[in-house]
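To be precise, the following lines are model_16.csv, and they hold CSV, C-alpha atoms.
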```csv
chain,number,residue,atom,x,y,z
A,1196,MET,CA,-29.2,-76.4,-36.5
A,1197,LYS,CA,-27.0,-76.9,-39.6
A,1198,THR,CA,-24.0,-75.4,-37.8
A,1199,SER,CA,-24.5,-77.7,-34.8
A,1200,LEU,CA,-24.7,-80.7,-37.1
A,1201,ALA,CA,-21.5,-79.6,-38.8
A,1202,LEU,CA,-19.7,-79.2,-35.5
A,1203,ILE,CA,-20.8,-82.6,-34.3
A,1204,ALA,CA,-19.7,-84.3,-37.6
A,1205,ALA,CA,-16.4,-82.5,-37.5
A,1206,GLY,CA,-15.9,-83.6,-33.9
A,1207,MET,CA,-16.7,-87.2,-34.8
A,1208,PHE,CA,-14.3,-87.1,-37.7
A,1209,THR,CA,-11.5,-85.5,-35.7
A,1210,ALA,CA,-11.8,-88.0,-32.9
A,1211,SER,CA,-11.6,-91.0,-35.2
A,1212,VAL,CA,-8.8,-89.6,-37.3
A,1213,TYR,CA,-6.6,-89.0,-34.3
A,1214,ALA,CA,-7.5,-92.2,-32.4
A,1215,LEU,CA,-4.0,-93.5,-32.7
A,1216,PRO,CA,-0.9,-91.6,-31.4
A,1217,ASP,CA,0.8,-92.6,-34.7
A,1218,TYR,CA,0.6,-94.9,-37.6
A,1219,ASP,CA,3.1,-95.0,-40.5
A,1220,PRO,CA,2.4,-97.3,-43.4
A,1221,PHE,CA,5.3,-95.6,-45.4
A,1222,ALA,CA,2.7,-94.5,-47.9
A,1223,ASP,CA,2.3,-91.3,-50.0
A,1224,ALA,CA,1.0,-88.7,-47.4
A,1225,THR,CA,1.0,-85.6,-49.7
A,1226,GLY,CA,-2.8,-85.5,-49.6
A,1227,SER,CA,-2.6,-84.9,-45.8
A,1228,GLY,CA,0.3,-82.5,-45.9
A,1229,GLY,CA,3.0,-85.1,-45.5
A,1230,THR,CA,5.7,-86.3,-47.9
A,1231,ALA,CA,5.6,-88.7,-50.8
A,1232,TYR,CA,7.7,-91.6,-49.4
A,1233,ILE,CA,9.2,-92.2,-52.9
A,1234,VAL,CA,11.0,-95.5,-53.4
A,1235,GLY,CA,14.7,-95.0,-53.0
A,1236,ASP,CA,14.5,-91.9,-50.8
A,1237,PRO,CA,15.8,-91.8,-47.2
A,1238,LEU,CA,13.3,-92.4,-44.4
A,1239,ILE,CA,14.8,-89.3,-42.7
A,1240,GLY,CA,12.9,-86.3,-43.8
A,1241,GLN,CA,9.6,-88.1,-44.4
A,1242,GLN,CA,6.4,-86.9,-42.7
A,1243,ASP,CA,3.4,-89.2,-42.2
A,1244,ALA,CA,-0.3,-88.4,-42.6
A,1245,LEU,CA,-0.6,-87.4,-38.9
A,1246,GLY,CA,2.2,-84.9,-39.2
A,1247,GLN,CA,4.9,-86.9,-37.4
A,1248,ILE,CA,8.4,-86.5,-38.9
A,1249,TRP,CA,11.4,-88.9,-39.2
A,1250,VAL,CA,14.6,-87.0,-38.3
A,1251,GLN,CA,18.3,-87.7,-38.2
A,1252,ALA,CA,19.6,-89.6,-35.1
A,1253,GLY,CA,23.3,-90.1,-35.5
A,1254,PRO,CA,26.3,-89.1,-37.7
A,1255,VAL,CA,25.4,-88.4,-41.3
A,1256,ASN,CA,26.0,-91.5,-43.5
A,1257,ALA,CA,24.9,-92.7,-46.9
A,1258,THR,CA,23.8,-96.0,-45.2
A,1259,GLN,CA,20.4,-95.3,-43.6
A,1260,PRO,CA,16.8,-96.6,-43.6
A,1261,LYS,CA,15.3,-96.1,-47.0
A,1262,ILE,CA,11.9,-96.4,-48.7
A,1263,VAL,CA,11.6,-99.6,-50.7
A,1264,ALA,CA,8.8,-101.0,-52.9
A,1265,GLY,CA,6.4,-103.6,-51.7
A,1266,ASN,CA,4.4,-104.5,-48.6
A,1267,LEU,CA,4.6,-107.0,-45.7
A,1268,THR,CA,1.5,-108.7,-44.4
A,1269,TYR,CA,0.5,-110.6,-41.3
A,1270,SER,CA,-2.7,-112.6,-40.6
A,1271,GLY,CA,-5.3,-110.7,-38.7
A,1272,LEU,CA,-3.9,-107.2,-39.4
A,1273,PRO,CA,-5.5,-104.7,-41.7
A,1274,ALA,CA,-4.3,-104.7,-45.3
A,1275,SER,CA,-0.9,-103.1,-45.6
A,1276,GLN,CA,-0.6,-99.8,-47.5
A,1277,GLY,CA,2.1,-97.9,-49.4
A,1278,ASN,CA,5.7,-99.1,-49.3
A,1279,SER,CA,8.1,-100.4,-46.7
A,1280,VAL,CA,11.5,-99.4,-45.3
A,1281,SER,CA,14.9,-101.2,-45.5
A,1282,PHE,CA,17.4,-101.2,-42.6
A,1283,GLY,CA,20.7,-102.7,-41.5
A,1284,GLY,CA,24.4,-102.0,-41.5
A,1285,THR,CA,26.6,-99.3,-40.1
A,1286,GLY,CA,25.2,-95.8,-40.8
A,1287,GLU,CA,22.7,-93.1,-39.9
A,1288,SER,CA,19.6,-93.9,-37.8
A,1289,ALA,CA,16.1,-92.4,-38.1
A,1290,ARG,CA,13.9,-91.1,-35.2
A,1291,LEU,CA,10.2,-90.7,-35.4
A,1292,ASN,CA,9.0,-87.9,-33.1
A,1293,LEU,CA,5.8,-88.9,-31.3
A,1294,SER,CA,2.8,-86.7,-31.2
A,1295,SER,CA,3.1,-86.6,-27.3
A,1296,THR,CA,5.6,-87.7,-24.7
A,1297,ALA,CA,4.6,-90.7,-22.6
A,1298,ALA,CA,5.6,-90.7,-18.9
A,1299,SER,CA,3.0,-93.0,-17.4
A,1300,GLY,CA,1.0,-96.1,-18.1
A,1301,THR,CA,2.0,-98.4,-21.0
A,1302,LEU,CA,3.2,-97.5,-24.5
A,1303,TYR,CA,3.2,-100.0,-27.3
A,1304,TYR,CA,4.8,-100.3,-30.7
A,1305,SER,CA,4.3,-102.9,-33.5
A,1306,PHE,CA,5.6,-103.6,-36.9
A,1307,ILE,CA,6.0,-106.3,-39.5
A,1308,MET,CA,9.5,-107.2,-40.6
A,1309,ASN,CA,11.1,-109.5,-43.1
A,1310,VAL,CA,14.7,-110.5,-42.5
A,1311,SER,CA,17.1,-110.5,-45.4
A,1312,SER,CA,20.3,-111.0,-43.4
A,1313,ALA,CA,20.9,-112.5,-39.9
A,1314,PRO,CA,23.3,-111.0,-37.4
A,1315,SER,CA,26.9,-112.1,-37.7
A,1316,ALA,CA,27.3,-115.7,-36.4
A,1317,GLY,CA,28.1,-115.8,-32.7
A,1318,SER,CA,26.9,-112.3,-32.0
A,1319,GLY,CA,25.7,-112.0,-28.4
A,1320,GLY,CA,23.0,-109.6,-29.4
A,1321,ILE,CA,22.7,-106.3,-31.2
A,1322,PHE,CA,19.7,-104.0,-30.8
A,1323,TRP,CA,18.4,-101.9,-33.8
A,1324,ALA,CA,15.0,-100.5,-32.8
A,1325,GLY,CA,13.1,-99.2,-29.7
A,1326,PHE,CA,11.7,-96.3,-27.8
A,1327,ASN,CA,13.9,-93.2,-27.1
A,1328,ASN,CA,13.6,-90.5,-24.4
A,1329,SER,CA,14.4,-87.6,-26.7
A,1330,ALA,CA,12.8,-85.9,-29.8
A,1331,GLY,CA,14.2,-83.8,-32.6
A,1332,SER,CA,17.3,-84.5,-34.7
A,1333,GLN,CA,20.8,-85.1,-33.3
A,1334,SER,CA,24.2,-85.7,-34.8
A,1335,THR,CA,25.3,-88.4,-32.3
A,1336,THR,CA,23.8,-91.9,-32.0
A,1337,PRO,CA,21.2,-92.1,-29.2
A,1338,THR,CA,22.2,-94.4,-26.4
A,1339,THR,CA,19.0,-94.5,-24.3
A,1340,ILE,CA,16.7,-97.0,-26.0
A,1341,ALA,CA,13.9,-98.7,-24.2
A,1342,SER,CA,12.0,-101.9,-25.1
A,1343,ARG,CA,14.9,-102.6,-27.4
A,1344,VAL,CA,14.6,-105.1,-30.3
A,1345,TYR,CA,17.6,-107.3,-30.1
A,1346,ALA,CA,18.7,-110.1,-32.5
A,1347,LYS,CA,21.5,-112.6,-32.2
A,1348,GLY,CA,22.8,-114.7,-35.1
A,1349,PHE,CA,23.9,-118.2,-35.9
A,1350,GLY,CA,24.8,-117.8,-39.6
A,1351,SER,CA,21.6,-117.9,-41.6
A,1352,THR,CA,19.4,-118.1,-38.5
A,1353,PHE,CA,18.6,-115.7,-35.6
A,1354,GLN,CA,16.7,-115.2,-32.4
A,1355,LEU,CA,14.9,-112.1,-31.3
A,1356,GLY,CA,15.0,-110.6,-27.8
A,1357,THR,CA,14.5,-107.4,-25.8
A,1358,SER,CA,15.9,-105.3,-23.0
A,1359,LYS,CA,14.2,-102.7,-20.8
A,1360,SER,CA,16.9,-100.1,-21.3
A,1361,SER,CA,20.2,-101.8,-20.6
A,1362,SER,CA,23.4,-102.5,-22.5
A,1363,THR,CA,24.4,-105.2,-19.9
A,1364,ALA,CA,24.0,-108.6,-21.5
A,1365,SER,CA,22.7,-110.2,-18.4
A,1366,ASP,CA,19.7,-107.9,-18.6
A,1367,TRP,CA,18.7,-109.1,-22.1
A,1368,VAL,CA,16.1,-111.8,-22.7
A,1369,PHE,CA,15.7,-113.9,-25.9
A,1370,ASP,CA,13.0,-116.0,-27.4
A,1371,SER,CA,14.0,-119.7,-27.6
A,1372,THR,CA,12.6,-120.0,-31.2
A,1373,THR,CA,15.2,-119.9,-33.9
A,1374,ARG,CA,14.1,-118.2,-37.1
A,1375,ASN,CA,15.5,-118.2,-40.6
A,1376,VAL,CA,16.6,-115.5,-43.1
A,1377,GLY,CA,13.5,-114.8,-45.2
A,1378,ASP,CA,11.0,-115.1,-42.4
A,1379,THR,CA,8.3,-112.5,-42.0
A,1380,VAL,CA,7.8,-111.7,-38.3
A,1381,PHE,CA,5.2,-109.5,-36.5
A,1382,VAL,CA,6.7,-107.8,-33.4
A,1383,VAL,CA,4.9,-106.0,-30.6
A,1384,GLY,CA,6.8,-104.3,-27.9
A,1385,SER,CA,5.7,-102.4,-24.8
A,1386,TYR,CA,7.1,-100.3,-22.0
A,1387,THR,CA,5.2,-99.9,-18.7
A,1388,PHE,CA,6.1,-97.1,-16.3
A,1389,ASN,CA,6.0,-97.8,-12.6
A,1390,SER,CA,6.9,-95.3,-9.9
A,1391,ALA,CA,7.9,-97.2,-6.8
A,1392,THR,CA,11.7,-97.3,-7.6
A,1393,ALA,CA,14.1,-96.3,-10.4
A,1394,SER,CA,14.3,-99.8,-11.6
A,1395,ASP,CA,10.7,-101.2,-11.5
A,1396,ASP,CA,9.5,-100.4,-15.1
A,1397,VAL,CA,8.7,-103.4,-17.3
A,1398,ALA,CA,9.4,-104.2,-21.0
A,1399,SER,CA,7.5,-106.9,-22.9
A,1400,MET,CA,7.7,-108.3,-26.4
A,1401,TRP,CA,5.2,-110.4,-28.3
A,1402,ILE,CA,6.6,-112.3,-31.4
A,1403,ASN,CA,4.0,-113.5,-34.0
A,1404,PRO,CA,1.0,-113.2,-31.6
A,1405,THR,CA,-2.4,-114.3,-32.7
A,1406,VAL,CA,-4.4,-111.2,-33.6
A,1407,ILE,CA,-8.1,-111.2,-33.1
A,1408,TYR,CA,-10.3,-108.1,-33.0
A,1409,GLY,CA,-11.4,-107.2,-29.5
A,1410,GLN,CA,-9.0,-109.5,-27.7
A,1411,SER,CA,-7.4,-108.7,-24.3
A,1412,VAL,CA,-3.7,-108.4,-24.1
A,1413,PRO,CA,-2.2,-111.9,-24.5
A,1414,THR,CA,0.7,-113.3,-22.5
A,1415,PRO,CA,3.9,-111.8,-23.8
A,1416,THR,CA,6.6,-113.9,-25.4
A,1417,LEU,CA,9.2,-112.1,-23.3
A,1418,THR,CA,9.1,-109.8,-20.2
A,1419,THR,CA,11.9,-108.2,-18.3
A,1420,SER,CA,12.3,-105.6,-15.5
A,1421,SER,CA,16.1,-106.1,-15.2
A,1422,GLY,CA,18.3,-103.0,-15.2
A,1423,PRO,CA,17.6,-99.3,-14.7
A,1424,ASP,CA,14.4,-97.6,-16.0
A,1425,ILE,CA,14.6,-95.3,-19.0
A,1426,THR,CA,16.5,-92.1,-18.3
A,1427,LEU,CA,14.3,-89.0,-17.8
A,1428,ASN,CA,11.3,-91.4,-17.2
A,1429,GLN,CA,9.8,-90.5,-20.5
A,1430,ILE,CA,9.4,-91.8,-24.1
A,1431,SER,CA,9.4,-89.1,-26.9
A,1432,SER,CA,10.3,-91.0,-30.1
A,1433,PHE,CA,10.8,-94.4,-31.8
A,1434,LEU,CA,14.2,-95.3,-33.4
A,1435,LEU,CA,15.0,-97.4,-36.4
A,1436,MET,CA,18.7,-97.8,-36.3
A,1437,ASP,CA,21.5,-98.6,-38.8
A,1438,ARG,CA,24.1,-98.8,-36.1
A,1439,ASN,CA,26.3,-101.9,-36.6
A,1440,ALA,CA,27.6,-103.8,-39.6
A,1441,SER,CA,26.8,-107.1,-37.8
A,1442,GLN,CA,23.2,-106.3,-37.0
A,1443,LEU,CA,20.1,-108.0,-38.4
A,1444,GLY,CA,19.0,-106.4,-41.7
A,1445,GLY,CA,15.7,-106.5,-43.6
A,1446,THR,CA,12.5,-104.5,-44.2
A,1447,MET,CA,9.9,-103.0,-41.9
A,1448,ASP,CA,6.3,-102.2,-42.6
A,1449,GLU,CA,3.1,-100.9,-40.9
A,1450,LEU,CA,4.6,-99.2,-37.8
A,1451,ARG,CA,2.1,-98.4,-35.1
A,1452,ILE,CA,2.5,-96.7,-31.8
A,1453,GLY,CA,-0.2,-96.4,-29.2
A,1454,THR,CA,-1.3,-96.7,-25.6
A,1455,THR,CA,-3.4,-99.8,-26.0
A,1456,TRP,CA,-3.0,-103.3,-27.5
A,1457,ALA,CA,-5.8,-102.5,-29.9
A,1458,ASP,CA,-3.9,-99.4,-31.1
A,1459,VAL,CA,-1.0,-101.5,-32.4
A,1460,THR,CA,-2.8,-104.7,-33.5
A,1461,ILE,CA,-6.4,-104.3,-34.5
A,1462,PRO,CA,-7.3,-100.7,-34.5
A,1463,GLU,CA,-10.9,-99.6,-34.3
A,1464,PRO,CA,-12.9,-99.6,-37.6
A,1465,SER,CA,-11.2,-97.4,-40.1
A,1466,THR,CA,-11.3,-93.6,-39.7
A,1467,MET,CA,-13.1,-93.0,-43.0
A,1468,THR,CA,-15.6,-95.7,-42.2
A,1469,LEU,CA,-16.4,-94.2,-38.8
A,1470,ALA,CA,-16.7,-90.7,-40.3
A,1471,GLY,CA,-19.0,-92.1,-43.1
A,1472,PHE,CA,-21.3,-93.8,-40.6
A,1473,GLY,CA,-21.4,-90.7,-38.5
A,1474,MET,CA,-22.4,-88.5,-41.5
A,1475,LEU,CA,-25.0,-91.0,-42.6
A,1476,ALA,CA,-26.5,-91.1,-39.1
A,1477,LEU,CA,-26.6,-87.3,-38.8
A,1478,GLY,CA,-28.1,-87.0,-42.3
A,1479,ALA,CA,-30.9,-89.5,-41.5
A,1480,TRP,CA,-31.6,-87.7,-38.2
A,1481,TYR,CA,-31.8,-84.3,-39.9
A,1482,ARG,CA,-34.2,-85.6,-42.6
A,1483,THR,CA,-36.4,-87.0,-39.9
A,1484,ARG,CA,-36.5,-83.7,-38.1
A,1485,ARG,CA,-37.6,-81.8,-41.2
A,1486,ARG,CA,-40.6,-84.1,-41.9
```

Starting from the coordinates I provided, produce the structure as structure tokens.
Amino acid sequence: MKTSLALIAAGMFTASVYALPDYDPFADATGSGGTAYIVGDPLIGQQDALGQIWVQAGPVNATQPKIVAGNLTYSGLPASQGNSVSFGGTGESARLNLSSTAASGTLYYSFIMNVSSAPSAGSGGIFWAGFNNSAGSQSTTPTTIASRVYAKGFGSTFQLGTSKSSSTASDWVFDSTTRNVGDTVFVVGSYTFNSATASDDVASMWINPTVIYGQSVPTPTLTTSSGPDITLNQISSFLLMDRNASQLGGTMDELRIGTTWADVTIPEPSTMTLAGFGMLALGAWYRTRRR
């Protein structure tokens, strides 16, 4: 009986811990076999608490995403943990290998960002983050990026946009809201696989959506199906890129990647809480059986 209870409890704990495909708060993960995410260190080489590793994605360069002190917050999201990550400029990009490759359904990402520098004035749009179809490190800059995060600048202001997987400007869509340097923005992106043709997948973006626990997926700020679908019809990683001196710069925090809206906005009750409730329930049941 004790063995059965232990197996049940272990199963409940494992299911809750691995409910999300990935979550990186850029916090010390040494207690879970990861790395320390020390302020000042490169993001490349860090391993989160779920075992996912940030690797090189582009030519070696001293300019690359790095761990910085402090957190970003957004109303409705769980409290931020650990540190955050700086990005921007021409340099080396970082790729987070996902726990499994997605080739069907919808895959989401979300993060909070604070903008410290707008794209160069008059820039038509420069992307700096999104999904990638490969995993592992590489010495050349990836070119296949889906559900791209674009920004175009107007001096000290900027607009955010997205593209399904196209470098053709006519395939990009931008939010009409103009934002300022210093703004904190919550971004959710998604990529939906469809199989009828080689160009029917859909990318969507939500910018500063209202976040309420248990909500259904709200109407996206931006949606596009223009251009070709992602090459290889798969997503294996997430990219944070330092690829252009004129790109938007700032800090990113609380990166989430999952297959549902809830995974990347309001996750289910915390893993430790679920595990604790499970153990309490099992303990109460076992005491009752012994009476």

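The space separating CA of Gly1283 (chain A) from CA of Gly1350 (chain A) comes to 15.8 Å.
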
key: Nearest to Trp1249 (chain A), chosen from A:Ser1294, A:Asn1278, A:Ser1361, A:Thr1379, with all atoms listed in the file counted in the distances   =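 Answer, going by the shortest atom-to-atom distance: A:Ser1294.
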
Nearest to Ser1351 (chain A), chosen from A:Leu1245, A:Val1383, A:Ala1224, A:Ala1313, with all atoms listed in the file counted in the distances =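 Closest to Ser1351 (chain A) of all the choices is A:Ala1313.
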
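Distance-wise, CA of Pro1260 (chain A) and CA of Gly1348 (chain A) end up 20.9 Å apart.
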
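Among A:Ile1239, A:Ala1244, A:Met1400, A:Ala1440, the residue with the shortest atom-to-atom distance to Gly1356 (chain A), counting all atoms listed in the file, is A:Met1400.
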
note = Closest of A:Gln1354, A:Gln1429, A:Ser1227, A:Thr1416 to Val1310 (chain A), counting all atoms listed in the file, is A:Gln1354

Per residue of region 1353-1423 of chain A within 7 Å of region 1327-1347 of chain A, what are the shortest atom pair and its distance in Å to one decimal, counting all atoms listed in the file, with rows by chain and residue number, as a tab-separated table?
```
residue	atom	partner	partner_atom	distance
A:Phe1353	CA	A:Lys1347	CA	5.4
A:Gln1354	CA	A:Lys1347	CA	5.5
A:Leu1355	CA	A:Ala1346	CA	4.5
A:Gly1356	CA	A:Tyr1345	CA	4.8
A:Thr1357	CA	A:Val1344	CA	5.1
A:Ser1358	CA	A:Arg1343	CA	5.3
A:Lys1359	CA	A:Ser1342	CA	4.9
A:Ser1360	CA	A:Ala1341	CA	4.4
A:Gly1384	CA	A:Ser1342	CA	6.4
A:Ser1385	CA	A:Ser1342	CA	6.3
A:Tyr1386	CA	A:Ser1342	CA	6.0
A:Ala1398	CA	A:Ser1342	CA	5.4
```

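The spacing separating CA of Gly1229 (chain A) from CA of Thr1446 (chain A) amounts to 21.6 Å.
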
request  = Kindly indicate which residue among A:Ala1364, A:Ala1324, A:Ala1297, A:Met1447 lies nearest to Leu1427 (chain A), using all atoms listed in the file for the distances.
outcome  =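 Among the listed residues, A:Ala1297 lies closest to Leu1427 (chain A).
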
key: Ala1231 (chain A) surroundings by all atoms listed in the file, 9 Å radius, close-in-sequence under 2 positions cut, as a list in words   =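 Residues near the query, excluding close chain neighbours: Phe1221, Ala1222, Asp1223, Ala1224, Thr1225, Gly1229, Ile1233, Gln1241, Gln1242 and Asp1243 of chain A.
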
ask   = Between A:Val1368, A:Val1263, A:Leu1291, A:Val1376, which has the minimum distance to Ser1421 (chain A) (counting all atoms listed in the file)?
value = A:Val1368

Phe1282 (chain A) environment, 10 Å, only C-alpha atoms, sequence neighbours closer than 3 positions dropped, as a list of chain:residue names =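 Residues meeting the cut-off are A:Leu1238, A:Thr1258, A:Gln1259, A:Pro1260, A:Lys1261, A:Ile1262, A:Thr1285, A:Gly1286, A:Ser1288, A:Ala1289, A:Val1310, A:Ser1311, A:Trp1323, A:Leu1435, A:Met1436, A:Asp1437, A:Arg1438, A:Gln1442, A:Leu1443, A:Gly1444, A:Gly1445, A:Thr1446, A:Met1447.
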
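Around the coordinate (3.9, -83.7, -30.9), residues that reach within 9 Å when counting only C-alpha atoms are Gly1246, Gln1247, Asn1292, Leu1293, Ser1294, Ser1295, Thr1296 and Ser1431 of chain A.
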
key: Non-local contacts of region 1267-1270 of chain A (9 Å; all atoms listed in the file; under 4 positions in same chain excluded) as an MDAnalysis selection string   = chainID A and resid 1274:1275 1278:1279 1307:1309 1379:1381 1403 1405:1406 1446:1449

Neighbour list for Ser1394 (chain A) as a list in words, cut-off 8 Å, only C-alpha atoms, skip fewer than 6 positions in-chain =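 My list of contacting residues is Ser1420, Ser1421, Gly1422, Pro1423 and Asp1424 of chain A.
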